[in-house]
file work06.tsv (TSV, N, CA and C atoms)
chain	number	residue	atom	x	y	z
L	205	MET	N	0.84	-1.17	0.00
L	205	MET	CA	0.00	0.00	0.00
L	205	MET	C	0.89	1.25	0.00
L	206	LEU	N	0.53	2.19	-0.85
L	206	LEU	CA	1.28	3.44	-0.89
L	206	LEU	C	0.97	4.27	0.34
L	207	LYS	N	2.01	4.91	0.88
L	207	LYS	CA	1.87	5.66	2.13
L	207	LYS	C	1.88	7.17	1.92
L	208	LYS	N	2.78	7.64	1.08
L	208	LYS	CA	2.93	9.08	0.87
L	208	LYS	C	3.87	9.32	-0.30
L	209	ILE	N	3.95	10.57	-0.73
L	209	ILE	CA	4.99	10.93	-1.68
L	209	ILE	C	6.29	11.00	-0.88
L	210	ASP	N	7.27	10.21	-1.30
L	210	ASP	CA	8.56	10.20	-0.62
L	210	ASP	C	9.45	11.32	-1.13
L	211	HIS	N	9.54	11.42	-2.46
L	211	HIS	CA	10.37	12.48	-3.02
L	211	HIS	C	9.97	12.83	-4.44
L	212	ILE	N	10.38	14.02	-4.82
L	212	ILE	CA	10.22	14.51	-6.18
L	212	ILE	C	11.64	14.73	-6.70
L	213	ALA	N	11.98	14.07	-7.80
L	213	ALA	CA	13.34	14.13	-8.32
L	213	ALA	C	13.43	15.09	-9.50
L	214	ILE	N	14.47	15.90	-9.47
L	214	ILE	CA	14.71	16.88	-10.51
L	214	ILE	C	16.12	16.65	-11.05
L	215	ALA	N	16.21	16.41	-12.35
L	215	ALA	CA	17.51	16.20	-12.99
L	215	ALA	C	18.16	17.56	-13.24
L	216	VAL	N	19.43	17.67	-12.88
L	216	VAL	CA	20.18	18.92	-13.06
L	216	VAL	C	21.56	18.59	-13.63
L	217	PRO	N	22.10	19.48	-14.47
L	217	PRO	CA	23.45	19.26	-14.96
L	217	PRO	C	24.50	19.31	-13.86
L	218	SER	N	24.26	20.15	-12.82
L	218	SER	CA	25.22	20.31	-11.74
L	218	SER	C	24.49	20.59	-10.43
L	219	ILE	N	24.69	19.75	-9.43
L	219	ILE	CA	24.09	19.99	-8.12
L	219	ILE	C	24.64	21.28	-7.53
L	220	GLU	N	25.94	21.50	-7.64
L	220	GLU	CA	26.55	22.70	-7.06
L	220	GLU	C	25.94	23.97	-7.64
L	221	GLU	N	25.65	23.98	-8.95
L	221	GLU	CA	25.04	25.15	-9.56
L	221	GLU	C	23.56	25.27	-9.19
L	222	ALA	N	22.86	24.16	-9.07
L	222	ALA	CA	21.42	24.18	-8.82
L	222	ALA	C	21.05	24.42	-7.36
L	223	ARG	N	21.90	24.01	-6.44
L	223	ARG	CA	21.51	24.04	-5.03
L	223	ARG	C	21.27	25.44	-4.48
L	224	GLY	N	21.89	26.44	-5.08
L	224	GLY	CA	21.67	27.81	-4.64
L	224	GLY	C	20.21	28.21	-4.70
L	225	TYR	N	19.51	27.78	-5.73
L	225	TYR	CA	18.08	28.09	-5.85
L	225	TYR	C	17.31	27.51	-4.67
L	226	TYR	N	17.59	26.25	-4.35
L	226	TYR	CA	16.85	25.58	-3.27
L	226	TYR	C	17.20	26.14	-1.90
L	227	GLU	N	18.47	26.53	-1.72
L	227	GLU	CA	18.91	27.07	-0.43
L	227	GLU	C	18.60	28.56	-0.30
L	228	ASP	N	19.01	29.35	-1.29
L	228	ASP	CA	18.92	30.80	-1.18
L	228	ASP	C	17.54	31.36	-1.51
L	229	VAL	N	16.90	30.81	-2.51
L	229	VAL	CA	15.59	31.32	-2.92
L	229	VAL	C	14.47	30.66	-2.12
L	230	LEU	N	14.47	29.33	-2.05
L	230	LEU	CA	13.40	28.62	-1.36
L	230	LEU	C	13.65	28.48	0.14
L	231	GLY	N	14.90	28.66	0.57
L	231	GLY	CA	15.22	28.58	1.99
L	231	GLY	C	15.28	27.17	2.54
L	232	LEU	N	15.48	26.18	1.66
L	232	LEU	CA	15.58	24.79	2.11
L	232	LEU	C	17.01	24.50	2.55
L	233	LYS	N	17.15	23.55	3.45
L	233	LYS	CA	18.46	23.16	3.96
L	233	LYS	C	18.87	21.84	3.32
L	234	LEU	N	20.08	21.80	2.80
L	234	LEU	CA	20.62	20.57	2.22
L	234	LEU	C	20.80	19.55	3.33
L	235	SER	N	20.22	18.37	3.14
L	235	SER	CA	20.36	17.29	4.12
L	235	SER	C	21.66	16.52	3.88
L	236	HIS	N	21.81	16.03	2.64
L	236	HIS	CA	23.02	15.27	2.32
L	236	HIS	C	23.16	15.09	0.82
L	237	ILE	N	24.38	14.79	0.42
L	237	ILE	CA	24.71	14.45	-0.97
L	237	ILE	C	25.32	13.07	-0.95
L	238	GLU	N	24.91	12.24	-1.90
L	238	GLU	CA	25.50	10.89	-2.00
L	238	GLU	C	25.56	10.47	-3.46
L	239	GLU	N	26.50	9.61	-3.75
L	239	GLU	CA	26.62	9.05	-5.10
L	239	GLU	C	26.03	7.65	-5.11
L	240	VAL	N	25.27	7.37	-6.16
L	240	VAL	CA	24.73	6.03	-6.38
L	240	VAL	C	25.41	5.51	-7.64
L	241	ALA	N	26.53	4.83	-7.45
L	241	ALA	CA	27.38	4.42	-8.56
L	241	ALA	C	26.64	3.54	-9.57
L	242	GLU	N	25.79	2.62	-9.07
L	242	GLU	CA	25.07	1.71	-9.97
L	242	GLU	C	24.16	2.46	-10.94
L	243	GLN	N	23.66	3.62	-10.52
L	243	GLN	CA	22.77	4.39	-11.38
L	243	GLN	C	23.47	5.55	-12.08
L	244	LYS	N	24.76	5.69	-11.81
L	244	LYS	CA	25.59	6.72	-12.43
L	244	LYS	C	25.04	8.12	-12.16
L	245	VAL	N	24.68	8.36	-10.88
L	245	VAL	CA	24.19	9.67	-10.47
L	245	VAL	C	24.75	10.06	-9.11
L	246	LYS	N	24.78	11.36	-8.90
L	246	LYS	CA	25.02	11.94	-7.58
L	246	LYS	C	23.69	12.58	-7.19
L	247	THR	N	23.29	12.43	-5.94
L	247	THR	CA	22.01	12.95	-5.48
L	247	THR	C	22.21	13.93	-4.33
L	248	ALA	N	21.32	14.90	-4.25
L	248	ALA	CA	21.29	15.85	-3.14
L	248	ALA	C	19.85	15.92	-2.65
L	249	PHE	N	19.67	15.89	-1.33
L	249	PHE	CA	18.32	15.85	-0.76
L	249	PHE	C	18.03	17.07	0.11
L	250	PHE	N	16.85	17.64	-0.11
L	250	PHE	CA	16.32	18.74	0.69
L	250	PHE	C	14.96	18.30	1.22
L	251	ASP	N	14.73	18.47	2.52
L	251	ASP	CA	13.45	18.09	3.14
L	251	ASP	C	12.52	19.30	3.16
L	252	ILE	N	11.28	19.08	2.77
L	252	ILE	CA	10.25	20.11	2.91
L	252	ILE	C	8.96	19.43	3.36
L	253	GLY	N	8.65	19.59	4.62
L	253	GLY	CA	7.41	19.03	5.17
L	253	GLY	C	7.34	17.52	5.11
L	254	GLY	N	8.47	16.85	5.23
L	254	GLY	CA	8.47	15.39	5.20
L	254	GLY	C	8.53	14.79	3.81
L	255	VAL	N	8.62	15.62	2.78
L	255	VAL	CA	8.81	15.15	1.41
L	255	VAL	C	10.17	15.66	0.95
L	256	TRP	N	10.93	14.78	0.33
L	256	TRP	CA	12.26	15.16	-0.13
L	256	TRP	C	12.20	15.73	-1.54
L	257	ILE	N	13.01	16.76	-1.77
L	257	ILE	CA	13.33	17.18	-3.14
L	257	ILE	C	14.70	16.56	-3.40
L	258	GLU	N	14.79	15.76	-4.45
L	258	GLU	CA	16.04	15.07	-4.79
L	258	GLU	C	16.57	15.64	-6.10
L	259	LEU	N	17.77	16.19	-6.04
L	259	LEU	CA	18.44	16.64	-7.26
L	259	LEU	C	19.28	15.48	-7.76
L	260	LEU	N	19.22	15.23	-9.06
L	260	LEU	CA	19.96	14.14	-9.70
L	260	LEU	C	20.96	14.73	-10.68
L	261	GLU	N	22.23	14.48	-10.45
L	261	GLU	CA	23.29	14.92	-11.36
L	261	GLU	C	23.95	13.68	-11.95
L	262	PRO	N	24.04	13.59	-13.27
L	262	PRO	CA	24.70	12.42	-13.87
L	262	PRO	C	26.19	12.42	-13.57
L	263	THR	N	26.73	11.21	-13.35
L	263	THR	CA	28.18	11.09	-13.15
L	263	THR	C	28.84	10.46	-14.36
L	264	SER	N	28.04	10.13	-15.38
L	264	SER	CA	28.57	9.54	-16.60
L	264	SER	C	27.69	9.99	-17.77
L	265	PRO	N	28.30	10.26	-18.92
L	265	PRO	CA	27.49	10.70	-20.07
L	265	PRO	C	26.54	9.62	-20.60
L	266	ASP	N	26.75	8.35	-20.20
L	266	ASP	CA	25.84	7.30	-20.67
L	266	ASP	C	24.76	6.94	-19.65
L	267	SER	N	24.61	7.74	-18.59
L	267	SER	CA	23.56	7.46	-17.61
L	267	SER	C	22.21	7.89	-18.16
L	268	THR	N	21.14	7.29	-17.63
L	268	THR	CA	19.80	7.68	-18.07
L	268	THR	C	19.50	9.13	-17.71
L	269	VAL	N	20.05	9.61	-16.61
L	269	VAL	CA	19.82	11.01	-16.23
L	269	VAL	C	20.53	11.96	-17.21
L	270	ALA	N	21.74	11.60	-17.65
L	270	ALA	CA	22.45	12.42	-18.64
L	270	ALA	C	21.65	12.48	-19.94
L	271	LYS	N	21.09	11.36	-20.35
L	271	LYS	CA	20.27	11.33	-21.57
L	271	LYS	C	19.01	12.17	-21.40
L	272	PHE	N	18.40	12.10	-20.20
L	272	PHE	CA	17.21	12.90	-19.92
L	272	PHE	C	17.55	14.39	-20.04
L	273	ILE	N	18.66	14.82	-19.46
L	273	ILE	CA	19.07	16.22	-19.52
L	273	ILE	C	19.34	16.63	-20.96
L	274	GLU	N	20.02	15.78	-21.69
L	274	GLU	CA	20.31	16.06	-23.10
L	274	GLU	C	19.01	16.24	-23.89
L	275	ASN	N	18.03	15.39	-23.64
L	275	ASN	CA	16.74	15.48	-24.34
L	275	ASN	C	15.93	16.70	-23.93
L	276	ASN	N	16.31	17.32	-22.83
L	276	ASN	CA	15.64	18.54	-22.37
L	276	ASN	C	16.53	19.76	-22.57
L	277	LYS	N	17.20	19.79	-23.71
L	277	LYS	CA	18.03	20.92	-24.13
L	277	LYS	C	19.11	21.29	-23.12
L	278	GLY	N	19.62	20.27	-22.41
L	278	GLY	CA	20.71	20.48	-21.48
L	278	GLY	C	20.31	21.11	-20.16
L	279	LYS	N	19.02	21.30	-19.95
L	279	LYS	CA	18.57	22.00	-18.75
L	279	LYS	C	18.01	21.08	-17.67
L	280	GLY	N	17.73	19.85	-17.98
L	280	GLY	CA	17.14	18.96	-16.98
L	280	GLY	C	15.68	19.28	-16.76
L	281	GLY	N	15.20	19.02	-15.53
L	281	GLY	CA	13.81	19.28	-15.20
L	281	GLY	C	13.24	18.16	-14.36
L	282	LEU	N	11.93	18.19	-14.17
L	282	LEU	CA	11.26	17.19	-13.35
L	282	LEU	C	11.52	15.80	-13.93
L	283	HIS	N	12.09	14.92	-13.13
L	283	HIS	CA	12.48	13.59	-13.60
L	283	HIS	C	11.49	12.51	-13.19
L	284	HIS	N	11.14	12.44	-11.89
L	284	HIS	CA	10.17	11.44	-11.44
L	284	HIS	C	9.57	11.79	-10.10
L	285	ILE	N	8.47	11.10	-9.78
L	285	ILE	CA	7.84	11.20	-8.46
L	285	ILE	C	7.93	9.83	-7.83
L	286	ALA	N	8.34	9.80	-6.57
L	286	ALA	CA	8.51	8.53	-5.85
L	286	ALA	C	7.49	8.42	-4.73
L	287	TYR	N	6.85	7.27	-4.67
L	287	TYR	CA	5.85	6.98	-3.65
L	287	TYR	C	6.40	5.96	-2.67
L	288	GLU	N	6.30	6.25	-1.38
L	288	GLU	CA	6.75	5.31	-0.36
L	288	GLU	C	5.74	4.18	-0.21
L	289	SER	N	6.26	2.98	-0.05
L	289	SER	CA	5.44	1.78	0.10
L	289	SER	C	6.08	0.87	1.15
L	290	ASP	N	5.27	-0.02	1.69
L	290	ASP	CA	5.81	-1.04	2.59
L	290	ASP	C	6.52	-2.15	1.83
L	291	ASP	N	6.14	-2.34	0.54
L	291	ASP	CA	6.63	-3.50	-0.20
L	291	ASP	C	6.73	-3.16	-1.69
L	292	VAL	N	7.92	-2.77	-2.13
L	292	VAL	CA	8.13	-2.38	-3.52
L	292	VAL	C	7.83	-3.54	-4.47
L	293	ALA	N	8.25	-4.74	-4.12
L	293	ALA	CA	8.01	-5.89	-4.99
L	293	ALA	C	6.50	-6.10	-5.21
L	294	ALA	N	5.72	-5.96	-4.16
L	294	ALA	CA	4.27	-6.13	-4.28
L	294	ALA	C	3.66	-5.03	-5.15
L	295	GLU	N	4.15	-3.80	-5.01
L	295	GLU	CA	3.65	-2.69	-5.83
L	295	GLU	C	3.95	-2.92	-7.30
L	296	LEU	N	5.18	-3.37	-7.59
L	296	LEU	CA	5.55	-3.66	-8.98
L	296	LEU	C	4.69	-4.77	-9.56
L	297	ALA	N	4.49	-5.84	-8.79
L	297	ALA	CA	3.67	-6.97	-9.26
L	297	ALA	C	2.23	-6.53	-9.49
L	298	ALA	N	1.69	-5.74	-8.58
L	298	ALA	CA	0.31	-5.27	-8.73
L	298	ALA	C	0.15	-4.40	-9.97
L	299	ALA	N	1.11	-3.50	-10.19
L	299	ALA	CA	1.05	-2.63	-11.37
L	299	ALA	C	1.14	-3.45	-12.64
L	300	GLU	N	2.06	-4.42	-12.67
L	300	GLU	CA	2.21	-5.26	-13.86
L	300	GLU	C	0.94	-6.07	-14.12
L	301	SER	N	0.29	-6.55	-13.08
L	301	SER	CA	-0.94	-7.33	-13.25
L	301	SER	C	-2.07	-6.49	-13.84
L	302	LYS	N	-1.93	-5.17	-13.75
L	302	LYS	CA	-2.93	-4.26	-14.31
L	302	LYS	C	-2.51	-3.72	-15.67
L	303	GLY	N	-1.46	-4.32	-16.25
L	303	GLY	CA	-1.02	-3.96	-17.59
L	303	GLY	C	-0.03	-2.82	-17.67
L	304	VAL	N	0.53	-2.40	-16.56
L	304	VAL	CA	1.50	-1.32	-16.55
L	304	VAL	C	2.88	-1.87	-16.92
L	305	ALA	N	3.55	-1.20	-17.83
L	305	ALA	CA	4.90	-1.60	-18.22
L	305	ALA	C	5.89	-1.22	-17.12
L	306	LEU	N	6.76	-2.15	-16.78
L	306	LEU	CA	7.74	-1.93	-15.72
L	306	LEU	C	9.12	-1.64	-16.31
L	307	ILE	N	9.86	-0.80	-15.64
L	307	ILE	CA	11.29	-0.66	-15.93
L	307	ILE	C	12.03	-1.69	-15.10
L	308	ASP	N	11.59	-1.87	-13.85
L	308	ASP	CA	12.21	-2.83	-12.94
L	308	ASP	C	11.21	-3.95	-12.63
L	309	LYS	N	11.60	-5.18	-12.90
L	309	LYS	CA	10.76	-6.33	-12.55
L	309	LYS	C	10.88	-6.69	-11.08
L	310	ALA	N	11.97	-6.28	-10.46
L	310	ALA	CA	12.22	-6.54	-9.04
L	310	ALA	C	12.89	-5.32	-8.43
L	311	PRO	N	12.73	-5.11	-7.13
L	311	PRO	CA	13.38	-3.97	-6.48
L	311	PRO	C	14.89	-4.03	-6.60
L	312	ARG	N	15.49	-2.85	-6.61
L	312	ARG	CA	16.95	-2.72	-6.60
L	312	ARG	C	17.30	-1.63	-5.59
L	313	ARG	N	18.56	-1.49	-5.30
L	313	ARG	CA	19.02	-0.54	-4.28
L	313	ARG	C	19.14	0.85	-4.90
L	314	GLY	N	18.67	1.86	-4.17
L	314	GLY	CA	18.76	3.24	-4.62
L	314	GLY	C	19.41	4.11	-3.56
L	315	ALA	N	19.32	5.40	-3.75
L	315	ALA	CA	19.88	6.36	-2.79
L	315	ALA	C	19.23	6.18	-1.43
L	316	GLY	N	19.96	6.53	-0.40
L	316	GLY	CA	19.44	6.43	0.96
L	316	GLY	C	19.21	5.01	1.41
L	317	ASN	N	19.88	4.05	0.74
L	317	ASN	CA	19.73	2.63	1.06
L	317	ASN	C	18.27	2.17	0.96
L	318	MET	N	17.55	2.73	0.00
L	318	MET	CA	16.15	2.37	-0.22
L	318	MET	C	16.05	1.27	-1.26
L	319	ASN	N	15.01	0.45	-1.15
L	319	ASN	CA	14.63	-0.44	-2.22
L	319	ASN	C	13.75	0.37	-3.17
L	320	ILE	N	14.05	0.30	-4.46
L	320	ILE	CA	13.32	1.09	-5.44
L	320	ILE	C	12.89	0.25	-6.62
L	321	GLY	N	11.88	0.72	-7.33
L	321	GLY	CA	11.43	0.10	-8.57
L	321	GLY	C	10.65	1.12	-9.37
L	322	PHE	N	10.87	1.14	-10.69
L	322	PHE	CA	10.26	2.15	-11.55
L	322	PHE	C	9.22	1.55	-12.50
L	323	LEU	N	8.18	2.35	-12.76
L	323	LEU	CA	7.18	2.06	-13.78
L	323	LEU	C	7.53	2.87	-15.01
L	324	HIS	N	7.28	2.31	-16.19
L	324	HIS	CA	7.62	3.00	-17.43
L	324	HIS	C	6.63	4.13	-17.69
L	325	PRO	N	7.13	5.32	-18.07
L	325	PRO	CA	6.23	6.44	-18.29
L	325	PRO	C	5.23	6.25	-19.44
L	326	LYS	N	5.50	5.31	-20.34
L	326	LYS	CA	4.53	5.09	-21.42
L	326	LYS	C	3.22	4.49	-20.88
L	327	SER	N	3.25	3.96	-19.67
L	327	SER	CA	2.05	3.39	-19.05
L	327	SER	C	1.47	4.26	-17.94
L	328	THR	N	2.10	5.41	-17.68
L	328	THR	CA	1.67	6.23	-16.53
L	328	THR	C	1.31	7.65	-16.93
L	329	GLY	N	0.90	7.82	-18.17
L	329	GLY	CA	0.54	9.17	-18.62
L	329	GLY	C	1.74	10.08	-18.79
L	330	GLY	N	2.93	9.50	-18.96
L	330	GLY	CA	4.13	10.27	-19.21
L	330	GLY	C	4.95	10.60	-17.98
L	331	ALA	N	4.48	10.24	-16.79
L	331	ALA	CA	5.21	10.54	-15.57
L	331	ALA	C	6.01	9.32	-15.12
L	332	LEU	N	7.33	9.45	-15.07
L	332	LEU	CA	8.15	8.36	-14.54
L	332	LEU	C	7.81	8.21	-13.07
L	333	THR	N	7.44	7.00	-12.68
L	333	THR	CA	6.95	6.72	-11.32
L	333	THR	C	7.88	5.74	-10.64
L	334	GLU	N	8.22	6.04	-9.39
L	334	GLU	CA	9.09	5.17	-8.59
L	334	GLU	C	8.34	4.75	-7.33
L	335	PHE	N	8.50	3.50	-6.96
L	335	PHE	CA	8.08	3.01	-5.64
L	335	PHE	C	9.35	2.85	-4.82
L	336	CYS	N	9.30	3.19	-3.53
L	336	CYS	CA	10.48	3.04	-2.70
L	336	CYS	C	10.07	2.64	-1.28
L	337	SER	N	10.99	1.94	-0.62
L	337	SER	CA	10.78	1.58	0.79
L	337	SER	C	12.15	1.42	1.44
L	338	PRO	N	12.22	1.71	2.73
L	338	PRO	CA	13.50	1.52	3.43
L	338	PRO	C	13.94	0.07	3.35
L	339	ALA	N	15.23	-0.13	3.13
L	339	ALA	CA	15.78	-1.49	3.01
L	339	ALA	C	15.85	-2.16	4.37
call {"tool": "encode", "arguments": {"input": "work06.tsv", "output": "structure tokens"}}
result
Amino acid sequence: MLKKIDHIAIAVPSIEEARGYYEDVLGLKLSHIEEVAEQKVKTAFFDIGGVWIELLEPTSPDSTVAKFIENNKGKGGLHHIAYESDDVAAELAAAESKGVALIDKAPRRGAGNMNIGFLHPKSTGGALTEFCSPA
């Protein structure tokens, strides 16, 4: 069962260049930065009311985030919305049983030591959707 929106991810060419907006303009405090080598990204998290804003910076030109930024004229933008769940595997299976195309057939490890799984945007009205739960 979905519990809440866990985070909203925004792809950026550079976390260092983008974070000023979140800190100086919006007044958010940076929680932490971490690299997720398997996904070829560096992430930065800002908490706002119990929902994270996650900045995604590619660490390799062949990462999916780098391709997303390239397809958005080098500017990045809204990448995905993540919903917290008790059981990512069950959410993926339930979505697939309803005809939703999956990117991940099984959960994998993501930032913050979370179990994650993605639904394909061609089945979700164009919005890349992530399910996540603490590992």
call {"tool": "residues_around", "arguments": {"input": "work06.tsv", "residues": "stretch 211-217 of chain L", "least_positions_apart": "3", "cutoff": "6 Å", "atoms": "all atoms listed in the file", "output": "PyMOL selection string"}}
result
chain L and resi 255-262+279-287
call {"tool": "select_by_dssp", "arguments": {"input": "work06.tsv", "residues": "stretch 207-323 of chain L", "states": "strand (DSSP E or B)", "output": "NGL selection string"}}
result
:L and (207-215 or 234-240 or 245-252 or 255-262 or 281-289 or 306 or 312-313 or 318-323)
call {"tool": "residues_around", "arguments": {"input": "work06.tsv", "residues": "L:Thr268", "least_positions_apart": "6", "cutoff": "10 Å", "atoms": "only C-alpha atoms", "output": "JSON, numbers by chain"}}
result
{"L": [243, 244, 245, 262, 274]}
call {"tool": "atom_distance", "arguments": {"input": "work06.tsv", "atom1": "atom CA of L:Met205", "atom2": "atom CA of L:Ile237"}}
result
28.6 Å
call {"tool": "select_by_dssp", "arguments": {"input": "work06.tsv", "residues": "chain L", "states": "alpha helix (DSSP H)", "output": "PyMOL selection string"}}
result
chain L and resi 219-224+268-275+292-301
call {"tool": "atom_distance", "arguments": {"input": "work06.tsv", "atom1": "atom N of L:Phe249", "atom2": "atom C of L:Leu234"}}
result
6.0 Å
call {"tool": "closest_residue", "arguments": {"input": "work06.tsv", "among": "L:Ala222, L:Ala293, L:Leu232, L:Val240", "to": "L:Arg313", "atoms": "only N, CA and C atoms"}}
result
L:Val240
call {"tool": "closest_residue", "arguments": {"input": "work06.tsv", "among": "L:Gly231, L:Gly316, L:Pro338, L:Gly303", "to": "L:Ser289", "atoms": "all atoms listed in the file"}}
result
L:Pro338
call {"tool": "closest_residue", "arguments": {"input": "work06.tsv", "among": "L:Arg312, L:Ala298, L:Lys246, L:Asp210", "to": "L:Thr263", "atoms": "all atoms listed in the file"}}
result
L:Lys246
call {"tool": "residues_around", "arguments": {"input": "work06.tsv", "residues": "L:Ile320", "least_positions_apart": "6", "cutoff": "7 Å", "atoms": "only N, CA and C atoms", "output": "list in words"}}
result
Val292, Ala310, Pro311, Arg312, Arg313, Gly314, Glu334, Phe335, Cys336 and Ser337 of chain L
call {"tool": "atom_distance", "arguments": {"input": "work06.tsv", "atom1": "atom CA of L:Lys207", "atom2": "atom CA of L:Tyr225"}}
result
28.8 Å
call {"tool": "closest_residue", "arguments": {"input": "work06.tsv", "among": "L:Val304, L:Ala248, L:Val269, L:Ala331", "to": "L:Glu220", "atoms": "only C-alpha atoms"}}
result
L:Ala248
